[in-house]
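Heads up, data_18.cif below (mmCIF, C-alpha atoms):
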```cif
data_structure
loop_
_atom_site.group_PDB
_atom_site.id
_atom_site.type_symbol
_atom_site.label_atom_id
_atom_site.label_comp_id
_atom_site.auth_asym_id
_atom_site.auth_seq_id
_atom_site.Cartn_x
_atom_site.Cartn_y
_atom_site.Cartn_z
ATOM 1 C CA MET A 1 187.772 127.786 76.504
ATOM 2 C CA ARG A 2 188.107 124.033 76.260
ATOM 3 C CA ARG A 3 187.839 124.111 72.464
ATOM 4 C CA GLU A 4 191.153 125.944 71.993
ATOM 5 C CA PRO A 5 193.408 123.126 73.267
ATOM 6 C CA VAL A 6 191.554 120.720 70.978
ATOM 7 C CA LYS A 7 192.001 123.055 67.994
ATOM 8 C CA VAL A 8 195.687 123.488 68.799
ATOM 9 C CA SER A 9 196.142 119.734 69.118
ATOM 10 C CA ILE A 10 194.424 119.133 65.781
ATOM 11 C CA ALA A 11 196.569 121.825 64.144
ATOM 12 C CA VAL A 12 199.780 120.291 65.528
ATOM 13 C CA VAL A 13 198.812 116.808 64.352
ATOM 14 C CA PHE A 14 197.898 118.165 60.907
ATOM 15 C CA ALA A 15 201.193 120.087 60.651
ATOM 16 C CA CYS A 16 203.154 116.975 61.629
ATOM 17 C CA PHE A 17 201.255 114.984 59.013
ATOM 18 C CA LEU A 18 202.136 117.539 56.305
ATOM 19 C CA CYS A 19 205.808 117.524 57.327
ATOM 20 C CA ALA A 20 205.940 113.744 57.217
ATOM 21 C CA ALA A 21 204.208 113.653 53.846
ATOM 22 C CA ASN A 22 206.746 116.074 52.353
ATOM 23 C CA ALA A 23 209.830 114.498 53.950
ATOM 24 C CA ASP A 24 212.141 112.494 51.704
ATOM 25 C CA PRO A 25 212.374 109.093 53.412
ATOM 26 C CA GLY A 26 215.343 108.063 51.261
ATOM 27 C CA VAL A 27 217.642 110.784 52.580
ATOM 28 C CA ARG A 28 217.787 109.402 56.101
ATOM 29 C CA ALA A 29 218.342 105.827 54.962
ATOM 30 C CA ASP A 30 220.994 106.918 52.446
ATOM 31 C CA GLU A 31 222.776 109.001 55.061
ATOM 32 C CA MET A 32 222.670 106.159 57.578
ATOM 33 C CA SER A 33 223.911 103.727 54.952
ATOM 34 C CA GLU A 34 226.852 106.010 54.159
ATOM 35 C CA ARG A 35 227.715 106.371 57.861
ATOM 36 C CA CYS A 36 227.474 102.613 58.266
ATOM 37 C CA GLY A 37 229.844 102.028 55.363
ATOM 38 C CA LYS A 38 232.413 104.413 56.848
ATOM 39 C CA LEU A 39 232.151 102.849 60.314
ATOM 40 C CA VAL A 40 232.518 99.315 58.952
ATOM 41 C CA GLU A 41 235.520 100.304 56.842
ATOM 42 C CA LYS A 42 237.157 101.886 59.916
ATOM 43 C CA LEU A 43 236.502 98.801 62.073
ATOM 44 C CA PHE A 44 237.798 96.496 59.360
ATOM 45 C CA LYS A 45 240.985 98.516 58.893
ATOM 46 C CA GLU A 46 241.618 98.365 62.643
ATOM 47 C CA ARG A 47 241.606 94.559 62.421
ATOM 48 C CA TRP A 48 243.114 94.167 58.933
ATOM 49 C CA THR A 49 245.592 96.910 58.130
ATOM 50 C CA THR A 50 246.466 95.466 54.688
ATOM 51 C CA GLY A 51 243.590 93.050 54.075
ATOM 52 C CA LYS A 52 245.949 90.068 53.999
ATOM 53 C CA THR A 53 248.786 88.422 55.859
ATOM 54 C CA ASP A 54 252.374 88.982 54.771
ATOM 55 C CA ASP A 55 252.563 85.583 53.068
ATOM 56 C CA GLY A 56 249.214 86.161 51.317
ATOM 57 C CA LYS A 57 247.741 82.905 52.590
ATOM 58 C CA MET A 58 245.046 84.667 54.600
ATOM 59 C CA ARG A 59 242.887 87.418 53.163
ATOM 60 C CA GLY A 60 240.116 89.441 54.672
ATOM 61 C CA ARG A 61 237.362 91.525 53.158
ATOM 62 C CA PHE A 62 234.129 93.010 54.379
ATOM 63 C CA GLU A 63 230.617 94.014 53.447
ATOM 64 C CA SER A 64 228.574 96.662 55.205
ATOM 65 C CA HIS A 65 224.830 97.054 55.312
ATOM 66 C CA TYR A 66 222.559 99.525 57.057
ATOM 67 C CA ASN A 67 219.305 97.781 57.931
ATOM 68 C CA ALA A 68 216.653 100.527 58.088
ATOM 69 C CA LYS A 69 214.011 98.209 59.537
ATOM 70 C CA LEU A 70 216.241 97.322 62.517
ATOM 71 C CA ASN A 71 218.062 100.689 62.490
ATOM 72 C CA LYS A 72 221.367 98.826 62.740
ATOM 73 C CA CYS A 73 224.678 98.827 60.926
ATOM 74 C CA PHE A 74 226.037 95.387 60.110
ATOM 75 C CA LEU A 75 229.559 94.256 59.288
ATOM 76 C CA LEU A 76 230.058 90.987 57.471
ATOM 77 C CA GLU A 77 233.702 89.992 57.832
ATOM 78 C CA ILE A 78 234.937 87.367 55.374
ATOM 79 C CA VAL A 79 238.301 85.660 55.853
ATOM 80 C CA THR A 80 239.809 83.053 53.538
ATOM 81 C CA LEU A 81 242.859 80.982 54.338
ATOM 82 C CA VAL A 82 244.765 78.665 52.022
ATOM 83 C CA THR A 83 246.350 75.801 53.911
ATOM 84 C CA GLY A 84 247.584 72.301 53.236
ATOM 85 C CA ASP A 85 245.469 69.209 53.787
ATOM 86 C CA ARG A 86 247.618 66.710 55.687
ATOM 87 C CA THR A 87 245.791 63.641 54.390
ATOM 88 C CA THR A 88 245.885 64.539 50.685
ATOM 89 C CA ASN A 89 248.912 66.882 50.606
ATOM 90 C CA LYS A 90 246.804 69.257 48.500
ATOM 91 C CA ALA A 91 245.719 72.813 49.136
ATOM 92 C CA ALA A 92 242.623 73.305 51.211
ATOM 93 C CA LEU A 93 240.567 76.444 51.591
ATOM 94 C CA ILE A 94 239.070 77.623 54.850
ATOM 95 C CA GLU A 95 236.464 80.366 54.814
ATOM 96 C CA ILE A 96 235.245 82.060 57.956
ATOM 97 C CA GLN A 97 232.536 84.697 58.055
ATOM 98 C CA ALA A 98 231.228 86.647 61.001
ATOM 99 C CA LEU A 99 228.187 88.925 61.161
ATOM 100 C CA TRP A 100 228.541 91.817 63.600
ATOM 101 C CA ASP A 101 226.450 94.725 64.807
ATOM 102 C CA ALA A 102 229.049 97.389 64.005
ATOM 103 C CA ASN A 103 227.906 99.902 66.618
ATOM 104 C CA GLU A 104 227.520 97.512 69.529
ATOM 105 C CA LYS A 105 230.415 95.282 68.375
ATOM 106 C CA ARG A 106 228.149 92.309 69.069
ATOM 107 C CA GLN A 107 228.428 89.152 67.000
ATOM 108 C CA TYR A 108 225.161 87.880 65.514
ATOM 109 C CA GLY A 109 226.592 84.749 63.960
ATOM 110 C CA TRP A 110 229.487 82.938 62.307
ATOM 111 C CA PHE A 111 230.127 80.578 59.432
ATOM 112 C CA LYS A 112 233.087 78.231 58.898
ATOM 113 C CA GLU A 113 233.769 76.069 55.874
ATOM 114 C CA TYR A 114 236.685 73.723 55.280
ATOM 115 C CA ASP A 115 236.964 72.868 51.600
ATOM 116 C CA SER A 116 239.440 70.086 50.952
ATOM 117 C CA PRO A 117 239.511 67.996 47.768
ATOM 118 C CA GLY A 118 236.688 65.513 48.121
ATOM 119 C CA ALA A 119 235.245 66.912 51.337
ATOM 120 C CA ILE A 120 233.460 70.104 52.306
ATOM 121 C CA GLN A 121 232.627 70.591 55.959
ATOM 122 C CA SER A 122 230.514 73.575 56.976
ATOM 123 C CA ASN A 123 228.940 74.731 60.165
ATOM 124 C CA CYS A 124 227.452 77.990 61.293
ATOM 125 C CA TYR A 125 225.340 79.642 63.897
ATOM 126 C CA VAL A 126 223.067 82.704 63.726
ATOM 127 C CA GLN A 127 221.467 83.926 66.923
ATOM 128 C CA ASN A 128 219.912 80.732 68.309
ATOM 129 C CA THR A 129 219.941 78.702 65.099
ATOM 130 C CA ALA A 130 222.627 76.246 64.003
ATOM 131 C CA CYS A 131 223.207 75.503 60.331
ATOM 132 C CA ARG A 132 225.344 73.181 58.223
ATOM 133 C CA SER A 133 225.825 74.811 54.811
ATOM 134 C CA LYS A 134 226.710 78.093 53.152
ATOM 135 C CA GLU A 135 223.239 78.210 51.629
ATOM 136 C CA GLU A 136 221.650 77.985 55.090
ATOM 137 C CA TRP A 137 224.048 80.679 56.380
ATOM 138 C CA VAL A 138 223.130 83.050 53.548
ATOM 139 C CA ASN A 139 219.421 82.499 54.204
ATOM 140 C CA LEU A 140 219.810 83.076 57.942
ATOM 141 C CA ILE A 141 221.702 86.362 57.557
ATOM 142 C CA LYS A 142 219.412 87.660 54.789
ATOM 143 C CA PRO A 143 217.056 89.479 57.218
ATOM 144 C CA TYR A 144 220.049 91.447 58.541
ATOM 145 C CA MET A 145 221.869 92.093 55.261
ATOM 146 C CA GLU A 146 219.012 92.737 52.839
ATOM 147 C CA GLU A 147 216.316 94.731 54.626
#
```

This entry written out as structure tokens:
Amino acid sequence: MRREPVKVSIAVVFACFLCAANADPGVRADEMSERCGKLVEKLFKERWTTGKTDDGKMRGRFESHYNAKLNKCFLLEIVTLVTGDRTTNKAALIEIQALWDANEKRQYGWFKEYDSPGAIQSNCYVQNTACRSKEEWVNLIKPYMEE
């Protein structure tokens, strides 16, 4: 009588193995990626109804990414602002980026760059790591946006 539960257990494990072997792993990731894109677009539109300010000096855009390894949906919000530099009387560009977990609405990091003629000042922070350039920012968010 004790052999039957063992046989049943082996049969269940074997059946699960066959199901997993025949499953299309891309369907789930594709579906999650599509859901992520829709969620991020909705969240972005709630914050940026037109994608820019009325005077056009500030513009916003976004990128979405479903990270299958972390099973998380990320929103990368990118805002650019054209302003005047008081010392040079020339246009200056400010870029701000923020990386968010779209479902939890939790910020993972931010990047800010002030680009004025002759001077670029950048600083950023991802989780517990500070950085000082756009290149460092891109490298720090890579594990979230490229997996």

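The shortest atom-to-atom distance to Lys90 (chain A), with only C-alpha atoms taken into account, belongs to A:Asp115 out of A:Glu147, A:Asp115, A:Glu31, A:Glu135.
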
With a distance cut-off of 12 Å and only C-alpha atoms, select the neighbouring residues of Asp55 (chain A), excluding the residue or stretch itself and same-chain residues fewer than 6 positions from it, and output the selection as a short mmCIF file (atom, residue, chain, number, x, y, z; two decimals) with C-alpha atoms, in the coordinates of the input.
```
data_model
loop_
_atom_site.label_atom_id
_atom_site.label_comp_id
_atom_site.auth_asym_id
_atom_site.auth_seq_id
_atom_site.Cartn_x
_atom_site.Cartn_y
_atom_site.Cartn_z
CA LEU A 81 242.86 80.98 54.34
CA VAL A 82 244.76 78.67 52.02
CA THR A 83 246.35 75.80 53.91
#
```

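Distance annotation: of A:Gly84, A:Arg132, A:Val40, A:Pro117, the residue with the minimal separation from Leu99 (chain A) is A:Val40; atom set is only C-alpha atoms.
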
Distance in Å - CA of Ile96 (chain A) versus CA of Gly37 (chain A):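 We find that CA of Ile96 (chain A) and CA of Gly37 (chain A) lie 20.8 Å from each other.
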
Length of the CA of Glu46 (chain A) to CA of Glu34 (chain A) vector [Å]: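 Atom-to-atom, CA of Glu46 (chain A) to CA of Glu34 (chain A), that is 18.7 Å.
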
Reference answer for the PyMOL selection byres ((chain A and resi 127) around 9), as number ranges by chain: A: 107-109, 125-126, 128-130

File of the preceding selection, C-alpha atoms, as a CSV table (one decimal), keeping the file's coordinate frame:
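Wrote it out as out-v1.csv, contents follow:
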```
chain,number,residue,atom,x,y,z
A,107,GLN,CA,228.4,89.2,67.0
A,108,TYR,CA,225.2,87.9,65.5
A,109,GLY,CA,226.6,84.7,64.0
A,125,TYR,CA,225.3,79.6,63.9
A,126,VAL,CA,223.1,82.7,63.7
A,128,ASN,CA,219.9,80.7,68.3
A,129,THR,CA,219.9,78.7,65.1
A,130,ALA,CA,222.6,76.2,64.0
```

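Here the PyMOL selection byres ((chain A and resi 48) around 12) catches exactly these residues: Val40, Glu41, Lys42, Leu43, Phe44, Lys45, Glu46, Arg47, Thr49, Thr50, Gly51, Lys52, Thr53, Asp54, Met58, Arg59, Gly60, Arg61, Phe62, Glu77, Ile78 and Val79 of chain A.
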